[in-house]
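What follows is one structure encoded as structure tokens, with my remarks underneath.
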Amino acid sequence: MARTMTKKQRVLNYLSSGRNLTGSQMTRKFGVANPRATISDIREQVERYGNWAVINNGSYGGETQYALKRVVLTDPRLDANDLAELF
């Protein structure tokens with residue numbers, strides 16, 4: 001039995017592929033009625049563990065673009081020079 005993905009899951013998959021979305025794009029592509037609430041739910045879910053963040057990635061046509069970015073947690077004892085060597 002095939003399981004249908006929810007609108008939130010489809011938006012999350014789209015964002016996790018490295019692409020941006022505006023509210024109107026979420027409505028048009030995925031049928032999301034309340035894009036801000038959907039982003040809020042996704043933000044809560046992905047930021048719970050501290051390794052992803054939902055960001056406002058500028059604007060497109062006057063609308064905020066949302067994106068998903070990986071967060072790198074480091075040792076607080078490292079100074080900036082040590083951190084630069086890691087990357």
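We name chains A, B, ... following the order of the structure tokens; residues begin at 1 in each chain, and ligands are numbered from 1 as shown.
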Task: 9 Å contact set for region 56-62 of chain A, only C-alpha atoms, chain neighbours under 4 positions out, as number ranges by chain - done: A: 20, 22, 66-68
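Residues within 12 Å of Ser17 (chain A), counting only C-alpha atoms and excluding same-chain residues fewer than 4 positions away, are Arg10, Val11, Leu12, Asn13, Leu21, Ala67, Leu68, Lys69 and Arg70 of chain A.
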Task: Straight-line distance linking CA of Val71 (chain A) with CA of Asn51 (chain A), stated in Å to one decimal - done: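 Going from CA of Val71 (chain A) over to CA of Asn51 (chain A) covers 4.7 Å.
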TODO: Give the answer as one residue: which of A:Ile55, A:Ile42, A:Met5, A:Val72 has the shortest atom-to-atom distance to Phe30 (chain A), using only C-alpha atoms?
DONE: A:Met5
- [ ] Please measure the separation of CA of Ala53 (chain A) and CA of Thr38 (chain A), giving the value in Å to one decimal.
- [x] 14.4 Å
Compile the contact shell of Ala37 (chain A) as a PDB file with C-alpha atoms, in the first residue's frame: residues with an atom at most 12 Å away, counting only C-alpha atoms, same-chain residues fewer than 6 positions apart removed.
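Writing the result to out05.pdb gives the following:
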ATOM      1  CA  LYS A   7       2.017  18.839   1.981  1.00  0.00           C
ATOM      2  CA  LYS A   8       4.458  19.598   4.794  1.00  0.00           C
ATOM      3  CA  GLY A  23       4.777  31.406   0.135  1.00  0.00           C
ATOM      4  CA  MET A  26       4.218  26.666  -1.768  1.00  0.00           C
ATOM      5  CA  ARG A  43      11.254  25.112  11.445  1.00  0.00           C
ATOM      6  CA  GLU A  44      10.211  23.551  14.744  1.00  0.00           C
TER       7      GLU A  44
END
Open item on the list: Let me make sure I understand: among A:Ser40, A:Val54, A:Asn81, A:Thr64, which one has the smallest atom-to-atom distance to Gly18 (chain A) if we use only C-alpha atoms?
Closed with: A:Val54
